[in-house]
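K.L.:
Please find one structure pasted underneath; my questions will follow.
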Amino acid sequence: MSVARAYGAIAIAALLLALLPVMVQSNTVINALVTAMIIALAAQGWNLLAGYGGQFSFGHAAFFGAGAYGNAILQTRYGINAYAAMLTATAIGAAVGAVIGYLSFRSGLRGSYFALITLAFAEVFRIIANATPFTGGAAGTLIKLQVSAANFQFASRAIYFWIILAIVTAVMFLMRGIERSRFGAYLVAVRENEDAAAALGVDTLDVKLKAIMLSAAMTALAGAFYVQYFLFVDSSIAFGTWISVEALLGPIIGGLGTVFGPLLGALALHFLGELAKAVAGRVLGIDLALFGILLVLIIAFARDGLQGLLTRLARLWRARRPA
Amino acid sequence: MTSLDILAAAVLNGLMSGAVYALIAVGLTLVYGVLHIINFAHGAILSAAMFAAYLAFQAGVDPYVAMVPLALIFFGLGYGLQRLVIGPASHGDDRNILLITLGLSIVIENLLLAVFNSDTRTVDVAYGFSTLDLGFTFLALPRAAAFGVSCLVAVLLWILLAQTDTGKAIRAVAKEKLGASLAGIDVAHIYAVTFGLGAACLAIAACLLLPTYYVHPRVGNAYVLVAFTIVVLGGMGSIPGAIAGGLFVGVVESLSGLMFGESLGQLGIFVIFILVLLIRPTGLFGAKA
């Protein structure tokens with residue numbers, strides 16, 4: 001895909017999605033769309049580190065939670081303006097990413113070991129957040145409802161949707177830029193063969209650190225936005241395994257290491273989840289069970305995810321048309 | 001009771017729970033040692049085994065009676081899971097295996113949730129509150145039984161690995177799978193046997209835990225994170241390491257719970273885990289990663 005076409009495709013996808021709240025006015029639908037977009041953003045973060053860089057984190061909740069708690073605490077405890085709080089929370093997320101990344105990559109942790117240590121960090125944060133009064137303990141932290149644009153609180157859910165959509169779109173443009181940059185090439189080299197990349201003079205520690213910081217920042221922004229939308233956070237929302245799992249399911253199902261993968265995957269998962277609830281009723285966990293089955297099927301039969309399936313279908317369709 | 005007695009009791013209690021941790025960790029480390037993958041479905045399989053033991057109890061079978069049949073059933077399940085799902089679906093790529101076992105854990109855990117809801121269940125056994133009088137402290141009978149059976153299983157497993165042909169094949173595959181397959185060993189079969197053994201350990205652990213613990217679709221997670229810690233601590237793939245690590249972690253948990261309270265006691269384990277991973281990822285017993 002040429003550069004112009006790639007950016008064009010992102011813009012068209014964003015515009016089509018932006019029309020959704022105009023066509024459907026149901027609060028439930030818009031609510032689901034906002035959540036899907038938050039997941040898509042967190043998933044973009046995961047995809048940068050794992051899809052492009054090959055470092056599989058099982059604990060992106062650590063970053064999501066840092067953003068979520070960062071935003072909530074800065075506003076409630078220090079009275080900082082919502083916009084500044086969200087930006088600072090994003091930076092805090094990046095800093096947490098830098099610390100975890102520095103510690104683990106310096107020790108040479110890869111593969112399963114890296115997955116394990118990220119999982120452990122998220123779990124440590126969850127236990128601490130659940131036990132300390134500073135984070136509101138087990139009761140969590142509530143942001144006061146004061147609807148006003150100055151507080152980043154809006155009466156209409158559609159506005160939240162457009163904002164998060166704009167953020168996701170911007171991140172997709174950024175990812176497309178990274179794909180074509182020297183940094184992106186280094187990152188893929190690290191994924192394909194870290195030792196070879198190092199032998200060719202790539203500073204692999206530096207590349208991985210940059211990747212985890214950027215990745216953590218994106219996921220932290222998703223967490224900050226989540227809190228801003230729901231105005232509540234507790235330890236199992238912020239640092240629970242659900243977000244670590246959803247952040248990785250999206251890209252894998254949508255297409256690992258692709259710009260569109262996380263968005264496609266997050267939307268598909270939410271559509272599937274709602275469908276499952278509609279068919280099976282309110283059976284607990286049925287949607288996640290389906291996601292798990294989908295994950296296994298995708299890995300077994302379609303390694304390049306939905307994006308790859310769509311590309312193959314398009315190619316078939318084009319081939320069948322007489323030239 | 002003097003403070004020394006309290007300390008001794010805490011250490012003893014730690015050893016009791018540590019033995020069950022060790023059993024769970026042995027299953028995990030065995031699979032890692034042979035297949036070189038971390039089985040993220042380990043916790044979910046433990047939850048499933050606990051529900052199986054719970055259902056058996058509802059049907060009137062004591063957990064200690066259900067132990068051997070359940071171990072056999074779970075051996076079969078584990079064998080099938082590796083042979084029919086994980087093996088074929090992963091195309092032999094390590095990252096795929098990681099994700100497949102994660103996917104399996106999500107499926108198992110949420111199916112349990114869908115069927116049994118998120119209620120916390122317990123069983124009432126007649127001996128649930130029986131104790132042994134040791135003079136300086138009392139020891140809960142089910143916990144002492146758990147300790148004894150865990151040790152027995154460890155010994156049996158050691159005999160299996162050291163003395164039988166299957167055990168030799170497992171060790172051969174763990175060391176050099178290509179060489180093993182050239183020597184006529186069916187690697188896919190040995191992989192599945194190993195996975196089955198891991199699942200059987202979980203079934204036994206589940207029966208041992210049931211009289212004193214609760215059942216919940218996510219109950220396995222609490223144990224498996226501890227098991228990961230133990231496996232890393234003892235050296236990935238090392239069975240003696242897993243046993244020593246399990247006992248050690250049990251004691252640390254019990255002592256830090258005594259000193260810092262229950263919820264932060266858990267924290268101690270994770271801190272050890274992170275430190276070991278960062279400083280000595282090959283484990284204290286030095287099995288090469």
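Convention: chains lettered A, B, ... in structure tokens order; per-chain residue numbering from 1; ligands numbered from 1 as shown.
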Do you know which residues are at most 10 Å from Leu98 of chain B counting only C-alpha atoms, after dropping those on the same chain fewer than 4 positions away, and could you put them as a PDB file with C-alpha atoms, in the first residue's frame?

P.N.:
```pdb
ATOM      1  CA  PHE A  56       4.851 -10.178  24.580  1.00  0.00           C
ATOM      2  CA  GLY A 111       9.710 -14.492  25.736  1.00  0.00           C
ATOM      3  CA  SER A 112       7.928 -16.261  28.586  1.00  0.00           C
ATOM      4  CA  ALA A 115       5.459 -12.158  29.916  1.00  0.00           C
TER       5      ALA A 115
ATOM      6  CA  ILE B  37       6.874 -23.480  27.476  1.00  0.00           C
ATOM      7  CA  ILE B  38       5.113 -21.805  30.338  1.00  0.00           C
ATOM      8  CA  ASN B  39       1.678 -23.297  30.598  1.00  0.00           C
ATOM      9  CA  PHE B  40      -0.556 -20.331  31.309  1.00  0.00           C
ATOM     10  CA  ALA B  41      -3.565 -22.663  31.484  1.00  0.00           C
ATOM     11  CA  ILE B  86      -1.906 -27.124  21.826  1.00  0.00           C
ATOM     12  CA  SER B  90       0.782 -23.820  17.774  1.00  0.00           C
ATOM     13  CA  ASP B  93       6.255 -21.776  17.616  1.00  0.00           C
ATOM     14  CA  ASP B  94       6.954 -20.778  21.232  1.00  0.00           C
ATOM     15  CA  LEU B 102      -3.464 -18.226  27.594  1.00  0.00           C
ATOM     16  CA  GLY B 103      -6.468 -18.670  25.290  1.00  0.00           C
TER      17      GLY B 103
END
```

K.L.:
Which residues of chain A come within 6 Å of chain B, and what is each one's closest atom pair and distance in Å (one decimal), counting only C-alpha atoms, sorted by chain and residue number, as CSV?

P.N.:
```
residue,atom,partner,partner_atom,distance
A:Ser107,CA,B:Leu278,CA,5.6
A:Val283,CA,B:Ala114,CA,5.6
A:Leu284,CA,B:Ala114,CA,4.8
A:Gly285,CA,B:Asn110,CA,4.7
A:Ile286,CA,B:Ala114,CA,5.9
A:Ala289,CA,B:Val107,CA,4.2
A:Gly292,CA,B:Gly103,CA,4.5
A:Leu295,CA,B:Gly103,CA,5.8
A:Val296,CA,B:Ile100,CA,5.4
A:Ala300,CA,B:Ala89,CA,4.1
```

K.L.:
Restricting it to C-alpha atoms, dump the selection as a PDB file, in the first residue's frame.

P.N.:
```pdb
ATOM      1  CA  SER A 107      18.318  -8.411  32.881  1.00  0.00           C
ATOM      2  CA  VAL A 283     -24.579 -15.761  31.176  1.00  0.00           C
ATOM      3  CA  LEU A 284     -21.446 -14.729  33.051  1.00  0.00           C
ATOM      4  CA  GLY A 285     -18.185 -15.067  31.164  1.00  0.00           C
ATOM      5  CA  ILE A 286     -19.693 -16.425  27.956  1.00  0.00           C
ATOM      6  CA  ALA A 289     -14.981 -17.799  26.677  1.00  0.00           C
ATOM      7  CA  GLY A 292     -10.573 -17.399  24.084  1.00  0.00           C
ATOM      8  CA  LEU A 295      -7.833 -16.627  19.989  1.00  0.00           C
ATOM      9  CA  VAL A 296      -6.955 -20.314  19.668  1.00  0.00           C
ATOM     10  CA  ALA A 300      -4.252 -22.240  14.585  1.00  0.00           C
TER      11      ALA A 300
END
```

K.L.:
Determine, counting only C-alpha atoms, which protein, DNA and RNA residues have an atom within 8 Å of an atom of segment 28-39 of chain A; residues of the same chain fewer than 3 positions away are not included. Present the result as a ChimeraX atom specification.

P.N.:
/A:21,24-25,42-43,157-158,160-161,164-165,168,222-223,225-226,243,246-247,250,263,266-267,270

K.L.:
Could the residues in this selection be written to a file with C-alpha atoms, as a compact mmCIF listing (two decimals), in the first residue's frame?

P.N.:
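Dumped to out-v2.txt:
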```
# COMPACT_ATOMS: atom_id res chain seq x y z
CA PRO A 21 -23.25 8.15 16.65
CA VAL A 24 -27.47 5.32 16.00
CA GLN A 25 -28.57 7.35 18.96
CA ALA A 42 -4.72 0.19 24.80
CA ALA A 43 -4.35 -2.48 22.12
CA ARG A 157 -21.64 10.40 25.13
CA ALA A 158 -21.09 10.99 21.42
CA TYR A 160 -16.49 11.23 24.25
CA PHE A 161 -16.66 8.86 21.31
CA ILE A 164 -11.35 8.89 21.69
CA LEU A 165 -11.82 8.16 17.98
CA VAL A 168 -7.07 6.40 18.10
CA ALA A 222 -6.48 4.70 27.42
CA GLY A 223 -6.63 4.21 31.19
CA PHE A 225 -9.65 8.27 29.33
CA TYR A 226 -11.46 5.30 30.86
CA ILE A 243 -7.34 -5.23 30.41
CA GLU A 246 -8.19 -7.49 26.02
CA ALA A 247 -5.20 -5.37 25.01
CA GLY A 250 -7.46 -7.15 19.92
CA LEU A 263 -8.91 -1.41 15.84
CA ALA A 266 -11.32 -4.45 19.35
CA LEU A 267 -14.41 -3.74 17.26
CA HIS A 270 -17.03 -6.06 21.17
```

K.L.:
Need the shell around Pro251 of chain A: protein/DNA/RNA residues with any atom at most 10 Å away, counting only C-alpha atoms. Skip same-chain ones fewer than 4 positions apart. Format as a list in words?

P.N.:
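Listing them by chain and then by number gives Ala40, Ala43, Gln44, Gly45, Trp46, Asn47, Leu48, Ala50, Gly51, Glu246, Ala247, Gly255, Leu256, Gly257, Thr258, Val259, Phe260, Gly261, Pro262, Leu263, Leu264, Gly265, Ala266, Asp304, Gly305, Leu306 and Gln307 of chain A.
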
K.L.:
Could you save the residues just selected, with N, CA and C atoms, as a short mmCIF file (atom, residue, chain, number, x, y, z; two decimals), in the first residue's frame?

P.N.:
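Output contents, as saved in again-v8.cif:
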```cif
data_model
loop_
_atom_site.label_atom_id
_atom_site.label_comp_id
_atom_site.auth_asym_id
_atom_site.auth_seq_id
_atom_site.Cartn_x
_atom_site.Cartn_y
_atom_site.Cartn_z
N ALA A 40 -9.23 -0.33 21.93
CA ALA A 40 -8.42 -0.23 20.70
C ALA A 40 -7.15 0.58 20.97
N ALA A 43 -4.85 -1.42 22.99
CA ALA A 43 -4.35 -2.48 22.12
C ALA A 43 -3.29 -1.96 21.16
N GLN A 44 -3.44 -0.72 20.70
CA GLN A 44 -2.39 -0.13 19.85
C GLN A 44 -1.08 -0.11 20.62
N GLY A 45 -1.17 0.25 21.90
CA GLY A 45 0.02 0.27 22.73
C GLY A 45 0.65 -1.11 22.81
N TRP A 46 -0.17 -2.11 23.09
CA TRP A 46 0.35 -3.48 23.20
C TRP A 46 0.97 -3.93 21.88
N ASN A 47 0.28 -3.56 20.79
CA ASN A 47 0.71 -3.99 19.46
C ASN A 47 2.08 -3.42 19.09
N LEU A 48 2.34 -2.19 19.54
CA LEU A 48 3.64 -1.58 19.23
C LEU A 48 4.76 -2.42 19.85
N ALA A 50 4.54 -5.62 21.22
CA ALA A 50 4.51 -7.06 20.95
C ALA A 50 4.40 -7.37 19.47
N GLY A 51 3.50 -6.67 18.78
CA GLY A 51 3.27 -6.96 17.37
C GLY A 51 4.48 -6.58 16.54
N GLU A 246 -7.51 -8.13 27.16
CA GLU A 246 -8.19 -7.49 26.02
C GLU A 246 -7.21 -6.72 25.15
N ALA A 247 -6.18 -6.13 25.78
CA ALA A 247 -5.20 -5.37 25.01
C ALA A 247 -4.43 -6.29 24.07
N GLY A 255 -4.96 -8.61 13.74
CA GLY A 255 -3.79 -8.73 12.88
C GLY A 255 -2.57 -8.18 13.60
N LEU A 256 -1.71 -9.08 14.03
CA LEU A 256 -0.55 -8.72 14.83
C LEU A 256 0.45 -7.90 14.01
N GLY A 257 0.93 -6.82 14.61
CA GLY A 257 1.94 -6.03 13.91
C GLY A 257 1.41 -5.30 12.69
N THR A 258 0.13 -4.92 12.70
CA THR A 258 -0.42 -4.11 11.62
C THR A 258 -1.09 -2.89 12.23
N VAL A 259 -1.23 -1.83 11.41
CA VAL A 259 -1.82 -0.59 11.92
C VAL A 259 -3.29 -0.77 12.24
N PHE A 260 -4.01 -1.52 11.39
CA PHE A 260 -5.45 -1.66 11.56
C PHE A 260 -5.83 -2.77 12.54
N GLY A 261 -4.91 -3.69 12.78
CA GLY A 261 -5.22 -4.87 13.59
C GLY A 261 -5.91 -4.57 14.91
N PRO A 262 -5.32 -3.71 15.76
CA PRO A 262 -5.93 -3.46 17.07
C PRO A 262 -7.35 -2.92 16.97
N LEU A 263 -7.58 -2.00 16.01
CA LEU A 263 -8.91 -1.41 15.84
C LEU A 263 -9.91 -2.47 15.38
N LEU A 264 -9.52 -3.20 14.32
CA LEU A 264 -10.39 -4.26 13.81
C LEU A 264 -10.72 -5.26 14.90
N GLY A 265 -9.68 -5.69 15.61
CA GLY A 265 -9.85 -6.70 16.65
C GLY A 265 -10.75 -6.21 17.77
N ALA A 266 -10.51 -4.98 18.24
CA ALA A 266 -11.32 -4.45 19.35
C ALA A 266 -12.78 -4.35 18.94
N ASP A 304 -2.36 -14.26 10.51
CA ASP A 304 -2.34 -12.82 10.28
C ASP A 304 -3.66 -12.14 10.65
N GLY A 305 -4.53 -12.86 11.33
CA GLY A 305 -5.71 -12.24 11.90
C GLY A 305 -6.75 -11.82 10.88
N LEU A 306 -7.73 -11.02 11.35
CA LEU A 306 -8.81 -10.58 10.48
C LEU A 306 -8.29 -9.77 9.31
N GLN A 307 -7.30 -8.92 9.59
CA GLN A 307 -6.74 -8.09 8.53
C GLN A 307 -6.22 -8.96 7.41
#
```

K.L.:
Would you please work out which residue, of B:Val26, B:Ala140, B:Ala206, B:Ala172, is nearest to Gly235 of chain B when using only C-alpha atoms?

P.N.:
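The answer is B:Val26, which sits nearest to Gly235 of chain B.
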
K.L.:
Could you list, as a PyMOL selection string, every residue within 8 Å of Leu119 of chain A, counting only C-alpha atoms and ignoring same-chain residues fewer than 6 positions away?

P.N.:
chain A and resi 57-60

K.L.:
Output the selection as a CSV table (one decimal), in the first residue's frame - C-alpha atoms for each residue.

P.N.:
```
chain,number,residue,atom,x,y,z
A,57,SER,CA,3.6,-8.4,27.7
A,58,PHE,CA,0.9,-10.1,29.8
A,59,GLY,CA,0.7,-7.2,32.1
A,60,HIS,CA,-0.3,-4.1,30.2
```

K.L.:
Counting only C-alpha atoms, which residue out of A:Leu316, A:Leu200, A:Glu123, A:Val245 sits closest to Leu288 of chain A?

P.N.:
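Checking each of A:Leu316, A:Leu200, A:Glu123, A:Val245 against Leu288 of chain A, counting only C-alpha atoms, the winner is A:Val245.
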
K.L.:
Kindly indicate which residue among B:Ala174, B:Val123, B:Ile204, B:Val224 lies nearest to Leu152 of chain B, using only C-alpha atoms for the distances.

P.N.:
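Between B:Ala174, B:Val123, B:Ile204, B:Val224, the residue approaching Leu152 of chain B most closely is B:Ile204.
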
K.L.:
Neighbouring residues of Ile239 of chain B were defined as those with any atom within 9 Å, considering only C-alpha atoms; residues of the same chain fewer than 6 positions away were excluded. Please report them as a list in words.

P.N.:
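Final neighbour list, sorted by chain and number: Ala25, Val26, Gly27, Thr29, Leu30, Gly33, Ala154, Trp158 and Val231 of chain B.
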
K.L.:
Go through segment 26-251 of chain A and collect every residue that DSSP, computed from the backbone, puts in helix (DSSP H, G or I); the answer should be as a ChimeraX atom specification.

P.N.:
/A:27-52,61-78,82-106,111-131,133-135,137-139,149-151,157-179,182-192,194-199,204-230,235-238,241-251

K.L.:
Contacts of Leu7 of chain B at 10 Å or less, counting only C-alpha atoms, minus same-chain residues fewer than 5 places along, as a PyMOL selection string?

P.N.:
chain B and resi 2+12-13+254-255+258

K.L.:
Take the residues from that selection and put them in a file with all heavy atoms, as a compact mmCIF listing (two decimals), in the first residue's frame.

P.N.:
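This is the output file again-v5.txt:
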```
# COMPACT_ATOMS: atom_id res chain seq x y z
N THR B 2 4.35 -18.87 73.97
CA THR B 2 5.41 -17.89 73.79
C THR B 2 5.48 -17.48 72.33
O THR B 2 4.89 -18.11 71.47
CB THR B 2 6.76 -18.49 74.18
OG1 THR B 2 7.04 -19.54 73.26
CG2 THR B 2 6.75 -19.02 75.58
N LEU B 12 5.54 -24.11 60.59
CA LEU B 12 4.94 -25.41 60.33
C LEU B 12 3.77 -25.28 59.36
O LEU B 12 3.66 -26.03 58.38
CB LEU B 12 4.48 -26.01 61.66
CG LEU B 12 4.21 -27.50 61.64
CD1 LEU B 12 5.50 -28.25 61.36
CD2 LEU B 12 3.61 -27.94 62.96
N ASN B 13 2.91 -24.30 59.62
CA ASN B 13 1.78 -24.06 58.73
C ASN B 13 2.25 -23.71 57.32
O ASN B 13 1.66 -24.14 56.34
CB ASN B 13 0.92 -22.91 59.27
CG ASN B 13 -0.29 -23.45 60.01
OD1 ASN B 13 -0.98 -24.32 59.47
ND2 ASN B 13 -0.51 -22.97 61.21
N SER B 254 3.65 -17.51 55.03
CA SER B 254 3.10 -17.64 56.37
C SER B 254 3.73 -16.62 57.32
O SER B 254 3.04 -15.97 58.11
CB SER B 254 3.34 -19.07 56.86
OG SER B 254 3.03 -19.19 58.19
N LEU B 255 5.05 -16.46 57.23
CA LEU B 255 5.74 -15.52 58.12
C LEU B 255 5.40 -14.08 57.80
O LEU B 255 5.15 -13.28 58.70
CB LEU B 255 7.26 -15.74 58.05
CG LEU B 255 7.78 -17.01 58.71
CD1 LEU B 255 9.28 -17.08 58.59
CD2 LEU B 255 7.36 -17.06 60.18
N LEU B 258 2.07 -13.26 58.99
CA LEU B 258 2.10 -13.06 60.44
C LEU B 258 2.57 -11.66 60.79
O LEU B 258 2.07 -11.02 61.70
CB LEU B 258 3.04 -14.10 61.06
CG LEU B 258 3.17 -14.15 62.57
CD1 LEU B 258 1.90 -14.68 63.20
CD2 LEU B 258 4.36 -15.00 62.98
```

K.L.:
For a quick check of understanding, using only C-alpha atoms, which of B:Val276, B:Val226, B:Val219, B:Ala242 has the smallest distance to Ser47 of chain B?

P.N.:
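Counting only C-alpha atoms, the residue closest to Ser47 of chain B is B:Val219.
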